[in-house]
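Chemist: So that you have it, the file is upload03.csv, and it contains CSV, C-alpha atoms and all ligand atoms:
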chain,number,residue,atom,x,y,z
C,1,MET,CA,-25.6,14.5,28.3
C,2,SER,CA,-22.2,15.0,26.7
C,3,PRO,CA,-21.6,13.2,23.3
C,4,VAL,CA,-19.7,9.9,23.5
C,5,SER,CA,-16.2,10.3,22.3
C,6,PHE,CA,-14.9,7.8,19.7
C,7,ARG,CA,-11.4,9.2,19.9
C,8,PRO,CA,-8.7,6.5,20.0
C,9,SER,CA,-7.1,6.0,23.4
C,10,ARG,CA,-3.5,5.1,24.4
C,11,ASP,CA,-4.8,2.0,26.3
C,12,GLY,CA,-6.0,0.6,23.0
C,13,ALA,CA,-9.7,0.5,24.1
C,14,ARG,CA,-10.4,2.6,20.9
C,15,PRO,CA,-7.6,1.8,18.4
C,16,VAL,CA,-6.5,4.1,15.7
C,17,LYS,CA,-6.8,3.4,12.0
C,18,VAL,CA,-3.5,2.6,10.4
C,19,SER,CA,-2.1,2.2,6.9
C,20,PHE,CA,1.3,1.0,5.7
C,21,GLU,CA,3.5,2.1,2.8
C,22,PHE,CA,5.8,-0.3,1.0
C,23,PHE,CA,8.1,0.1,-2.0
C,24,PRO,CA,8.3,-2.4,-4.8
C,25,PRO,CA,11.2,-4.8,-4.5
C,26,LYS,CA,14.2,-4.7,-6.8
C,27,THR,CA,15.6,-8.1,-6.1
C,28,GLU,CA,14.4,-11.6,-5.1
C,29,GLU,CA,15.9,-11.1,-1.7
C,30,MET,CA,14.0,-7.7,-1.3
C,31,GLU,CA,10.9,-9.4,-2.5
C,32,LYS,CA,11.1,-12.0,0.3
C,33,THR,CA,11.6,-9.3,2.9
C,34,LEU,CA,8.6,-7.3,1.5
C,35,TRP,CA,6.2,-10.3,1.6
C,36,ALA,CA,7.4,-11.4,5.0
C,37,SER,CA,6.6,-7.9,6.2
C,38,ILE,CA,3.2,-7.9,4.6
C,39,GLU,CA,2.4,-11.2,6.1
C,40,ARG,CA,3.3,-9.9,9.6
C,41,LEU,CA,1.4,-6.7,9.3
C,42,ALA,CA,-1.6,-7.8,7.4
C,43,PRO,CA,-3.4,-9.4,10.4
C,44,LEU,CA,-3.5,-6.0,12.0
C,45,SER,CA,-6.2,-5.2,9.4
C,46,PRO,CA,-4.8,-1.9,8.1
C,47,HIS,CA,-7.2,0.5,6.5
C,48,PHE,CA,-5.1,0.2,3.3
C,49,VAL,CA,-1.5,-0.5,2.2
C,50,SER,CA,0.2,1.6,-0.4
C,51,VAL,CA,2.9,0.8,-2.9
C,52,THR,CA,5.2,3.6,-4.1
C,53,TYR,CA,6.1,4.5,-7.7
C,54,GLY,CA,9.8,4.9,-8.4
C,55,ALA,CA,11.2,8.3,-9.4
C,56,GLY,CA,10.6,9.0,-13.1
C,57,GLY,CA,8.1,6.1,-13.3
C,58,SER,CA,11.1,3.7,-13.0
C,59,THR,CA,9.1,1.1,-11.1
C,60,ARG,CA,6.0,1.2,-13.2
C,61,GLU,CA,5.9,-2.6,-13.8
C,62,ARG,CA,7.1,-3.5,-10.3
C,63,THR,CA,4.6,-1.3,-8.6
C,64,HIS,CA,1.8,-2.8,-10.8
C,65,ALA,CA,3.0,-6.3,-10.1
C,66,THR,CA,3.1,-5.8,-6.3
C,67,VAL,CA,-0.3,-4.1,-6.3
C,68,LYS,CA,-1.8,-6.9,-8.4
C,69,ARG,CA,-0.4,-9.6,-6.1
C,70,LEU,CA,-1.8,-7.7,-3.1
C,71,VAL,CA,-5.2,-7.8,-4.8
C,72,GLU,CA,-5.0,-11.5,-5.8
C,73,GLU,CA,-3.3,-13.0,-2.7
C,74,THR,CA,-4.4,-11.0,0.3
C,75,SER,CA,-7.5,-9.4,1.8
C,76,LEU,CA,-5.7,-6.1,2.0
C,77,LYS,CA,-6.9,-3.0,0.2
C,78,PRO,CA,-4.0,-1.7,-1.9
C,79,ALA,CA,-3.4,1.9,-3.0
C,80,ALA,CA,-1.2,2.4,-6.0
C,81,HIS,CA,1.1,5.4,-6.1
C,82,LEU,CA,1.2,7.1,-9.5
C,83,THR,CA,3.1,10.2,-10.7
C,84,CYS,CA,2.8,12.7,-13.6
C,85,VAL,CA,6.5,12.3,-14.5
C,86,ALA,CA,7.8,11.1,-17.8
C,87,ALA,CA,4.5,10.0,-19.3
C,88,THR,CA,1.8,11.4,-21.5
C,89,ARG,CA,-1.8,11.7,-20.2
C,90,GLY,CA,-2.7,8.7,-22.4
C,91,GLU,CA,0.0,6.5,-20.8
C,92,VAL,CA,-1.0,7.5,-17.3
C,93,ASP,CA,-4.7,7.0,-18.1
C,94,GLU,CA,-3.8,3.5,-19.3
C,95,VAL,CA,-2.2,2.7,-16.0
C,96,VAL,CA,-5.2,4.0,-14.2
C,97,ARG,CA,-7.6,1.9,-16.3
C,98,SER,CA,-5.5,-1.2,-15.8
C,99,TYR,CA,-5.7,-0.7,-12.0
C,100,TRP,CA,-9.4,-0.3,-12.2
C,101,SER,CA,-9.7,-3.5,-14.2
C,102,ALA,CA,-7.5,-5.3,-11.6
C,103,GLY,CA,-9.9,-4.3,-8.9
C,104,VAL,CA,-7.8,-1.5,-7.4
C,105,ARG,CA,-9.9,1.4,-6.1
C,106,HIS,CA,-7.4,3.7,-4.4
C,107,ILE,CA,-4.6,5.7,-6.0
C,108,VAL,CA,-2.1,7.9,-4.3
C,109,ALA,CA,-1.7,10.7,-6.9
C,110,LEU,CA,1.6,12.7,-7.0
C,111,ARG,CA,3.4,15.0,-9.3
C,112,GLY,CA,6.7,13.3,-8.7
C,113,ASP,CA,10.2,14.6,-8.6
C,114,PRO,CA,11.9,16.4,-11.5
C,115,VAL,CA,13.4,14.0,-14.0
C,116,GLY,CA,16.8,15.7,-13.5
C,117,GLY,CA,16.6,14.8,-9.8
C,118,LEU,CA,15.8,16.8,-6.6
C,119,GLY,CA,17.0,20.4,-6.8
C,120,THR,CA,16.5,20.7,-10.6
C,121,ALA,CA,13.5,22.5,-12.1
C,122,TYR,CA,10.3,20.5,-12.7
C,123,GLU,CA,9.3,20.4,-16.3
C,124,PRO,CA,5.9,18.7,-17.1
C,125,HIS,CA,6.1,16.1,-19.8
C,126,PRO,CA,4.8,17.5,-23.0
C,127,GLY,CA,1.3,16.0,-23.3
C,128,GLY,CA,1.4,14.9,-19.7
C,129,TYR,CA,-0.5,16.0,-16.6
C,130,ALA,CA,1.1,19.3,-15.6
C,131,GLN,CA,0.3,19.3,-11.9
C,132,THR,CA,-1.1,16.8,-9.4
C,133,CYS,CA,-4.5,18.5,-9.4
C,134,ASP,CA,-4.8,17.7,-13.1
C,135,LEU,CA,-3.8,14.1,-12.4
C,136,VAL,CA,-6.4,13.8,-9.6
C,137,ALA,CA,-9.1,15.2,-11.9
C,138,GLY,CA,-8.0,12.7,-14.7
C,139,ILE,CA,-8.2,9.7,-12.3
C,140,ARG,CA,-11.6,10.7,-11.0
C,141,ARG,CA,-12.8,11.0,-14.6
C,142,ILE,CA,-11.8,7.4,-15.2
C,143,GLY,CA,-13.3,5.8,-12.2
C,144,ASN,CA,-14.7,6.5,-8.7
C,145,PHE,CA,-11.3,6.0,-7.1
C,146,ASP,CA,-10.4,6.9,-3.5
C,147,VAL,CA,-7.6,9.4,-4.3
C,148,SER,CA,-5.0,10.3,-1.7
C,149,VAL,CA,-2.5,13.1,-2.2
C,150,SER,CA,0.6,14.4,-0.4
C,151,ALA,CA,0.7,17.2,2.1
C,152,TYR,CA,3.7,19.0,3.5
C,153,PRO,CA,3.6,20.3,7.1
C,154,GLU,CA,6.9,22.0,6.6
C,155,LYS,CA,6.1,22.9,2.9
C,156,HIS,CA,7.3,21.2,-0.2
C,157,PRO,CA,11.0,22.3,-0.9
C,158,GLU,CA,9.9,23.9,-4.2
C,159,SER,CA,7.0,25.9,-2.6
C,160,PRO,CA,7.6,29.6,-2.1
C,161,SER,CA,5.7,29.5,1.2
C,162,LEU,CA,3.5,27.3,3.4
C,163,ASP,CA,0.5,29.3,2.3
C,164,ALA,CA,1.3,28.6,-1.4
C,165,ASP,CA,1.7,25.0,-0.6
C,166,ILE,CA,-1.7,24.9,1.2
C,167,ASP,CA,-3.2,26.5,-1.9
C,168,ALA,CA,-1.8,23.7,-4.0
C,169,LEU,CA,-3.4,21.2,-1.5
C,170,LYS,CA,-6.7,23.0,-1.9
C,171,ALA,CA,-6.4,22.7,-5.7
C,172,LYS,CA,-5.9,18.9,-5.3
C,173,VAL,CA,-8.9,18.6,-3.0
C,174,ASP,CA,-11.1,20.7,-5.3
C,175,ALA,CA,-10.1,18.3,-8.1
C,176,GLY,CA,-11.4,15.3,-6.1
C,177,ALA,CA,-8.7,14.2,-3.6
C,178,THR,CA,-10.3,12.3,-0.7
C,179,ARG,CA,-7.4,12.1,1.7
C,180,ALA,CA,-3.9,13.6,2.2
C,181,ILE,CA,-1.0,11.8,3.7
C,182,THR,CA,1.8,14.0,5.1
C,183,GLN,CA,5.5,14.0,4.5
C,184,PHE,CA,7.1,12.6,7.7
C,185,PHE,CA,7.9,15.0,10.5
C,186,PHE,CA,9.4,14.5,14.0
C,187,ASP,CA,7.9,17.5,15.8
C,188,ASN,CA,4.2,16.9,16.4
C,189,ASP,CA,3.6,20.6,17.0
C,190,VAL,CA,4.6,21.2,13.4
C,191,TYR,CA,1.9,18.8,12.2
C,192,LEU,CA,-0.8,20.2,14.5
C,193,ARG,CA,-0.1,23.8,13.6
C,194,TYR,CA,-0.3,22.8,9.9
C,195,LEU,CA,-3.6,21.0,10.5
C,196,ASP,CA,-5.0,24.2,12.0
C,197,LYS,CA,-3.9,26.2,8.9
C,198,VAL,CA,-5.3,23.6,6.5
C,199,ARG,CA,-8.7,23.6,8.3
C,200,ALA,CA,-8.8,27.4,8.4
C,201,ARG,CA,-8.3,27.3,4.6
C,202,GLY,CA,-11.6,25.3,4.4
C,203,ILE,CA,-9.9,21.9,3.6
C,204,ASP,CA,-11.9,19.2,5.4
C,205,ILE,CA,-10.5,15.8,4.1
C,206,PRO,CA,-8.5,13.7,6.5
C,207,ILE,CA,-4.8,14.9,6.7
C,208,VAL,CA,-3.2,11.6,7.8
C,209,PRO,CA,0.2,12.0,9.5
C,210,GLY,CA,2.9,10.1,7.8
C,211,ILE,CA,5.1,8.4,10.4
C,212,LEU,CA,8.7,7.4,9.6
C,213,PRO,CA,9.9,5.1,12.4
C,214,VAL,CA,13.6,5.9,12.4
C,215,GLN,CA,15.4,2.6,11.8
C,216,ASN,CA,18.6,4.2,10.7
C,217,PHE,CA,19.1,7.8,12.0
C,218,LYS,CA,21.8,8.8,9.4
C,219,GLN,CA,19.7,7.7,6.5
C,220,ALA,CA,16.5,9.3,7.9
C,221,ALA,CA,18.4,12.6,8.5
C,222,SER,CA,19.7,12.7,5.0
C,223,PHE,CA,16.3,11.8,3.6
C,224,ALA,CA,14.8,14.6,5.7
C,225,THR,CA,17.2,17.2,4.4
C,226,ARG,CA,16.3,16.3,0.8
C,227,THR,CA,12.5,16.4,1.5
C,228,GLY,CA,12.5,19.6,3.5
C,229,ALA,CA,11.6,17.9,6.8
C,230,SER,CA,13.5,19.3,9.8
C,231,VAL,CA,15.4,17.1,12.2
C,232,PRO,CA,15.2,18.5,15.8
C,233,ALA,CA,18.4,18.7,17.8
C,234,TRP,CA,16.9,16.5,20.5
C,235,LEU,CA,16.3,13.7,18.0
C,236,ALA,CA,19.9,13.8,16.8
C,237,ALA,CA,21.1,13.8,20.5
C,238,ARG,CA,19.1,10.6,21.2
C,239,PHE,CA,21.0,8.7,18.5
C,240,GLU,CA,24.4,10.3,19.3
C,241,GLY,CA,27.3,7.9,19.7
C,242,LEU,CA,25.2,4.9,18.6
C,243,ASP,CA,26.5,4.5,15.0
C,244,ASP,CA,28.1,1.1,15.8
C,245,ASP,CA,25.6,0.0,18.4
C,246,VAL,CA,22.7,-1.5,16.4
C,247,GLU,CA,20.9,-3.0,19.4
C,248,THR,CA,20.7,0.1,21.4
C,249,ARG,CA,19.8,2.1,18.3
C,250,ARG,CA,16.8,-0.3,17.7
C,251,MET,CA,15.6,0.3,21.3
C,252,ILE,CA,15.9,4.1,21.0
C,253,ALA,CA,14.1,4.0,17.6
C,254,ALA,CA,11.2,2.1,19.2
C,255,ALA,CA,11.0,4.5,22.1
C,256,VAL,CA,11.2,7.6,19.8
C,257,ALA,CA,8.5,6.3,17.5
C,258,ALA,CA,6.2,5.2,20.4
C,259,GLU,CA,6.5,8.6,22.0
C,260,GLN,CA,5.6,10.3,18.8
C,261,VAL,CA,2.5,8.3,18.0
C,262,ILE,CA,1.2,8.1,21.5
C,263,ASP,CA,1.5,11.9,21.8
C,264,LEU,CA,-0.4,12.3,18.5
C,265,VAL,CA,-3.2,10.0,19.6
C,266,ASP,CA,-3.4,11.8,23.0
C,267,ARG,CA,-3.8,15.0,21.0
C,268,GLY,CA,-6.8,13.6,19.0
C,269,VAL,CA,-5.2,12.0,15.9
C,270,THR,CA,-7.3,9.0,14.7
C,271,GLU,CA,-5.4,7.8,11.7
C,272,LEU,CA,-1.7,7.1,11.0
C,273,HIS,CA,0.2,6.2,7.9
C,274,PHE,CA,3.5,4.3,8.4
C,275,TYR,CA,6.4,4.5,6.1
C,276,THR,CA,7.5,0.9,6.7
C,277,MET,CA,10.6,0.9,4.5
C,278,ASN,CA,9.4,-2.7,3.9
C,279,ARG,CA,10.3,-3.7,7.5
C,280,ALA,CA,7.6,-4.9,9.9
C,281,ASP,CA,9.1,-5.3,13.4
C,282,LEU,CA,9.2,-1.7,14.6
C,283,VAL,CA,5.8,-0.8,13.0
C,284,TYR,CA,4.2,-4.0,14.4
C,285,ALA,CA,5.4,-3.1,17.9
C,286,ILE,CA,4.1,0.5,17.6
C,287,CYS,CA,0.8,-0.7,16.4
C,288,HIS,CA,0.6,-3.2,19.3
C,289,LEU,CA,1.2,-0.2,21.7
C,290,LEU,CA,-1.6,1.6,20.0
C,291,GLY,CA,-3.9,-1.3,20.9
C,292,LEU,CA,-4.0,-3.0,17.5
C,293,ARG,CA,-4.0,-6.8,17.7
C,294,ALA,CA,-3.6,-9.4,15.0
C,295,ARG,CA,-7.0,-10.8,14.1
C,296,PRO,CA,-6.6,-14.5,13.6
C,297,GLU,CA,-9.6,-14.6,11.3
C,298,ALA,CA,-8.1,-11.9,9.0
C,299,PRO,CA,-6.5,-13.9,6.2
C,300,ALA,CA,-3.0,-12.5,5.8
C,301,VAL,CA,-1.3,-13.7,2.7
C,302,ALA,CA,-2.4,-16.8,0.8
C,303,ALA,CA,0.1,-19.6,0.8
C,304,ALA,CA,2.3,-19.5,-2.3
Z,401,LIG,P1,2.6,18.6,-5.3
Z,401,LIG,O1,1.4,18.7,-4.4
Z,401,LIG,O2,2.2,18.3,-6.7
Z,401,LIG,O3,3.4,19.9,-5.2
Z,401,LIG,C1,4.7,20.0,-5.9
Z,401,LIG,C2,5.0,21.5,-6.0
Z,401,LIG,O4,4.2,22.1,-7.0
Z,401,LIG,C3,4.9,22.3,-4.8
Z,401,LIG,O5,5.8,23.3,-4.8
Z,401,LIG,C4,3.5,22.9,-4.9
Z,401,LIG,O6,3.3,24.0,-4.2
Z,401,LIG,C5,3.4,23.1,-6.4
Z,401,LIG,N1,2.1,23.0,-7.0
Z,401,LIG,C6,1.2,22.0,-6.8
Z,401,LIG,N2,0.1,22.2,-7.4
Z,401,LIG,C7,0.2,23.4,-8.0
Z,401,LIG,C8,-0.7,24.2,-8.7
Z,401,LIG,N3,-2.0,23.8,-9.0
Z,401,LIG,N4,-0.3,25.4,-9.2
Z,401,LIG,C9,1.0,25.8,-8.8
Z,401,LIG,N5,1.8,25.1,-8.1
Z,401,LIG,C10,1.4,23.9,-7.7
Z,401,LIG,N6,7.5,10.4,-5.2
Z,401,LIG,C11,7.5,9.4,-6.2
Z,401,LIG,O7,8.3,9.5,-7.2
Z,401,LIG,N7,6.8,8.2,-6.0
Z,401,LIG,C12,6.0,8.0,-5.0
Z,401,LIG,O8,5.4,6.9,-4.9
Z,401,LIG,C13,5.9,9.0,-4.0
Z,401,LIG,N8,5.1,8.9,-2.9
Z,401,LIG,C14,4.9,9.9,-2.0
Z,401,LIG,C15,4.0,9.7,-1.0
Z,401,LIG,C16,3.8,10.8,0.0
Z,401,LIG,C17,2.8,10.6,1.1
Z,401,LIG,C18,4.6,12.0,-0.1
Z,401,LIG,C19,4.4,13.0,0.9
Z,401,LIG,C20,5.5,12.1,-1.2
Z,401,LIG,C21,5.6,11.1,-2.1
Z,401,LIG,N9,6.5,11.2,-3.2
Z,401,LIG,C22,6.6,10.2,-4.2
Z,401,LIG,C23,7.4,12.4,-3.4
Z,401,LIG,C24,6.8,13.5,-4.4
Z,401,LIG,O9,6.6,12.9,-5.7
Z,401,LIG,C25,7.7,14.7,-4.4
Z,401,LIG,O10,7.7,15.4,-3.2
Z,401,LIG,C26,7.4,15.6,-5.6
Z,401,LIG,O11,8.5,16.6,-5.6
Z,401,LIG,C27,6.2,16.4,-5.5
Z,401,LIG,O12,5.0,15.7,-5.8
Z,401,LIG,P2,3.7,16.0,-4.9
Z,401,LIG,O13,2.6,15.3,-5.5
Z,401,LIG,O14,4.0,15.6,-3.5
Z,401,LIG,O15,3.6,17.5,-4.8
Once you've parsed the file, please lay out its structure as structure tokens.

Modeler:
Amino acid sequence: MSPVSFRPSRDGARPVKVSFEFFPPKTEEMEKTLWASIERLAPLSPHFVSVTYGAGGSTRERTHATVKRLVEETSLKPAAHLTCVAATRGEVDEVVRSYWSAGVRHIVALRGDPVGGLGTAYEPHPGGYAQTCDLVAGIRRIGNFDVSVSAYPEKHPESPSLDADIDALKAKVDAGATRAITQFFFDNDVYLRYLDKVRARGIDIPIVPGILPVQNFKQAASFATRTGASVPAWLAARFEGLDDDVETRRMIAAAVAAEQVIDLVDRGVTELHFYTMNRADLVYAICHLLGLRARPEAPAVAAA
């Protein structure tokens, strides 16, 4: 008898595991948008939701406040992003301990971008964690956290080669990382080829594809250029001539994202991480297509 397959299916009979990424809000207006999005997405029972850390540690307090509110007011499992940038080991450890005390058990550990901005050389903070693998080890020393790290199917822009980048991922796994989340990509073959290479290198943690539903093509393309993700010509062609046509752009965006995730699921992917940009609608629709349904019994966000 052949073993039963628990792979997800496009008809939703076996749904995928999803997680959602948010950024901490800067203004009251943004705060309202964020919490409305969390309220809409929470009943889908994501595996976890993560909150980013601003470049140079600029959102330290806001990240912490958002994560804490998630712990206190929702049934979601938050993951706090944390970088090595602009802080001593002691300061970073303090943040980690405060997360542990607040009941947070998942950290997304990153090196962070150079203080001088993308394109400048990265200089570790004197007395700080030099590389992400050191940060991962430091976090694991403090508590039995679930530690996610980044992975780059098209290599990190500073890496000399994809192999060197996979070596860096191996160092993070050896230090205790339990999951990797990829930089976004638009060509699924790129991700699947990368996955083969990672597995061949003996890395066996989940490598969860990071999905960026393109809400604004120009913005996504510029973001991709900065992060080393390629933008296929077919994707640009799909959004061509729609700069002033928001409605059609939204429909194309939904179709493009649906096509990407359904193809990934058909090819065996069981977990997806969505870069929500704090917007729920498109991500909610894609999750619905994947068979996820709001669970009425799942408490979303406690009334304020
Ligand atoms: P790393 O894995 O640390 O790699 C960075 C570079 O160093 C690569 O060139 C790598 O090859 C090299 N390297 C790594 N380890 C070693 C080693 N042991 N020896 C030699 N070389 C090594 N940025 C933020 O500021 N805040 C966030 O919240 C945030 N969240 C992110 C979430 C995800 C899923 C991803 C993919 C990225 C995120 N970033 C975030 C961006 C990230 O901080 C930048 O890409 C940064 O430039 C690199 O940090 P890293 O941890 O991704 O890379």

Chemist: Of the residues C:Gly103, C:Pro126, C:Pro160, C:Pro78, which is the one nearest to ligand LIG 401 (chain Z), using only C-alpha atoms and all ligand atoms?

Modeler: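 Using only C-alpha atoms and all ligand atoms, ligand LIG 401 (chain Z) sits closest to C:Pro160.
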
Chemist: When you count only C-alpha atoms and all ligand atoms, which of these residues is closest to ligand LIG 401 (chain Z): C:Phe184, C:Trp35, C:Phe48, C:Phe20?

Modeler: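 Going through C:Phe184, C:Trp35, C:Phe48, C:Phe20 one by one, the smallest distance to ligand LIG 401 (chain Z) is for C:Phe184.
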
Chemist: Compare C:Glu39, C:Asp93, C:Ser222, C:Ser98 by their minimum atom-to-atom distance to Glu73 in chain C, counting only C-alpha atoms, and give me the closest one.

Modeler: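 Nearest candidate to Glu73 in chain C out of C:Glu39, C:Asp93, C:Ser222, C:Ser98: C:Glu39.
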
Chemist: Given the choices C:Arg97, C:Arg201, C:Arg267, C:His47, which gets closest to Gly138 in chain C if the distance is worked out from all atoms listed in the file?

Modeler: C:Arg97

Chemist: Please tell me which residues are no farther than 10 Å from (6.9, 22.2, 14.2) in the file, counting only C-alpha atoms, and write them as JSON, numbers by chain.

Modeler: {"C": [153, 154, 185, 186, 187, 188, 189, 190, 191, 192, 193, 194, 229, 230, 232]}

Chemist: Residues of chain C that have any atom at most 8 Å from an atom of ligand LIG 401 (chain Z): could you tabulate them with the shortest-distance atom pair and the distance in Å to one decimal, using all atoms listed in the file, ordered by chain and increasing number, as JSON lines?

Modeler:
{"residue": "C:Phe23", "atom": "CA", "partner": "Z:LIG401", "partner_atom": "O8", "distance": 7.9}
{"residue": "C:Val51", "atom": "CA", "partner": "Z:LIG401", "partner_atom": "O8", "distance": 6.9}
{"residue": "C:Thr52", "atom": "CA", "partner": "Z:LIG401", "partner_atom": "O8", "distance": 3.4}
{"residue": "C:Tyr53", "atom": "CA", "partner": "Z:LIG401", "partner_atom": "O8", "distance": 3.8}
{"residue": "C:Gly54", "atom": "CA", "partner": "Z:LIG401", "partner_atom": "O7", "distance": 5.0}
{"residue": "C:Ala55", "atom": "CA", "partner": "Z:LIG401", "partner_atom": "O7", "distance": 3.8}
{"residue": "C:Gly56", "atom": "CA", "partner": "Z:LIG401", "partner_atom": "O7", "distance": 6.4}
{"residue": "C:Gly57", "atom": "CA", "partner": "Z:LIG401", "partner_atom": "O7", "distance": 7.0}
{"residue": "C:His81", "atom": "CA", "partner": "Z:LIG401", "partner_atom": "O8", "distance": 4.7}
{"residue": "C:Leu82", "atom": "CA", "partner": "Z:LIG401", "partner_atom": "O8", "distance": 6.2}
{"residue": "C:Thr83", "atom": "CA", "partner": "Z:LIG401", "partner_atom": "N7", "distance": 6.3}
{"residue": "C:Val108", "atom": "CA", "partner": "Z:LIG401", "partner_atom": "C15", "distance": 7.2}
{"residue": "C:Ala109", "atom": "CA", "partner": "Z:LIG401", "partner_atom": "O13", "distance": 6.5}
{"residue": "C:Leu110", "atom": "CA", "partner": "Z:LIG401", "partner_atom": "O13", "distance": 3.2}
{"residue": "C:Arg111", "atom": "CA", "partner": "Z:LIG401", "partner_atom": "O13", "distance": 3.9}
{"residue": "C:Gly112", "atom": "CA", "partner": "Z:LIG401", "partner_atom": "O9", "distance": 3.0}
{"residue": "C:Asp113", "atom": "CA", "partner": "Z:LIG401", "partner_atom": "O11", "distance": 4.0}
{"residue": "C:Pro114", "atom": "CA", "partner": "Z:LIG401", "partner_atom": "O11", "distance": 6.8}
{"residue": "C:Leu118", "atom": "CA", "partner": "Z:LIG401", "partner_atom": "O11", "distance": 7.4}
{"residue": "C:Gln131", "atom": "CA", "partner": "Z:LIG401", "partner_atom": "N2", "distance": 5.4}
{"residue": "C:Thr132", "atom": "CA", "partner": "Z:LIG401", "partner_atom": "O2", "distance": 4.5}
{"residue": "C:Cys133", "atom": "CA", "partner": "Z:LIG401", "partner_atom": "N3", "distance": 5.9}
{"residue": "C:Asp134", "atom": "CA", "partner": "Z:LIG401", "partner_atom": "N3", "distance": 7.9}
{"residue": "C:Val149", "atom": "CA", "partner": "Z:LIG401", "partner_atom": "O13", "distance": 6.5}
{"residue": "C:Ser150", "atom": "CA", "partner": "Z:LIG401", "partner_atom": "C19", "distance": 4.3}
{"residue": "C:Ala151", "atom": "CA", "partner": "Z:LIG401", "partner_atom": "C19", "distance": 5.7}
{"residue": "C:Tyr152", "atom": "CA", "partner": "Z:LIG401", "partner_atom": "C19", "distance": 6.6}
{"residue": "C:Lys155", "atom": "CA", "partner": "Z:LIG401", "partner_atom": "O6", "distance": 7.7}
{"residue": "C:His156", "atom": "CA", "partner": "Z:LIG401", "partner_atom": "O5", "distance": 5.3}
{"residue": "C:Pro157", "atom": "CA", "partner": "Z:LIG401", "partner_atom": "O5", "distance": 6.6}
{"residue": "C:Glu158", "atom": "CA", "partner": "Z:LIG401", "partner_atom": "O5", "distance": 4.2}
{"residue": "C:Ser159", "atom": "CA", "partner": "Z:LIG401", "partner_atom": "O5", "distance": 3.6}
{"residue": "C:Pro160", "atom": "CA", "partner": "Z:LIG401", "partner_atom": "O5", "distance": 7.1}
{"residue": "C:Ala164", "atom": "CA", "partner": "Z:LIG401", "partner_atom": "O6", "distance": 5.7}
{"residue": "C:Asp165", "atom": "CA", "partner": "Z:LIG401", "partner_atom": "O6", "distance": 4.1}
{"residue": "C:Ile166", "atom": "CA", "partner": "Z:LIG401", "partner_atom": "O6", "distance": 7.4}
{"residue": "C:Asp167", "atom": "CA", "partner": "Z:LIG401", "partner_atom": "O6", "distance": 7.3}
{"residue": "C:Ala168", "atom": "CA", "partner": "Z:LIG401", "partner_atom": "N2", "distance": 4.2}
{"residue": "C:Leu169", "atom": "CA", "partner": "Z:LIG401", "partner_atom": "O1", "distance": 6.1}
{"residue": "C:Ala171", "atom": "CA", "partner": "Z:LIG401", "partner_atom": "N3", "distance": 5.6}
{"residue": "C:Lys172", "atom": "CA", "partner": "Z:LIG401", "partner_atom": "N2", "distance": 7.2}
{"residue": "C:Ala180", "atom": "CA", "partner": "Z:LIG401", "partner_atom": "C17", "distance": 7.4}
{"residue": "C:Ile181", "atom": "CA", "partner": "Z:LIG401", "partner_atom": "C17", "distance": 4.8}
{"residue": "C:Thr182", "atom": "CA", "partner": "Z:LIG401", "partner_atom": "C19", "distance": 5.0}
{"residue": "C:Gln183", "atom": "CA", "partner": "Z:LIG401", "partner_atom": "C19", "distance": 3.9}
{"residue": "C:Phe184", "atom": "CA", "partner": "Z:LIG401", "partner_atom": "C19", "distance": 7.3}
{"residue": "C:Gly210", "atom": "CA", "partner": "Z:LIG401", "partner_atom": "C17", "distance": 6.7}
{"residue": "C:Thr227", "atom": "CA", "partner": "Z:LIG401", "partner_atom": "O10", "distance": 6.8}

Chemist: When you count only C-alpha atoms, which of these residues is closest to Thr248 in chain C: C:Val269, C:Cys84, C:Asn216, C:Val261?

Modeler: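 Selected residue with least distance to Thr248 in chain C: C:Asn216.
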
Chemist: Of the residues C:Arg69, C:Lys32, C:Arg226, C:Arg295, which is the one nearest to Arg279 in chain C, using only C-alpha atoms?

Modeler: C:Lys32

Chemist: Skip Gly116 in chain C itself and residues of its chain fewer than 5 positions away, then list as a PyMOL selection string all residues within 12 Å of it, counting all atoms listed in the file.

Modeler: chain C and resi 55-56+85-86+121-124
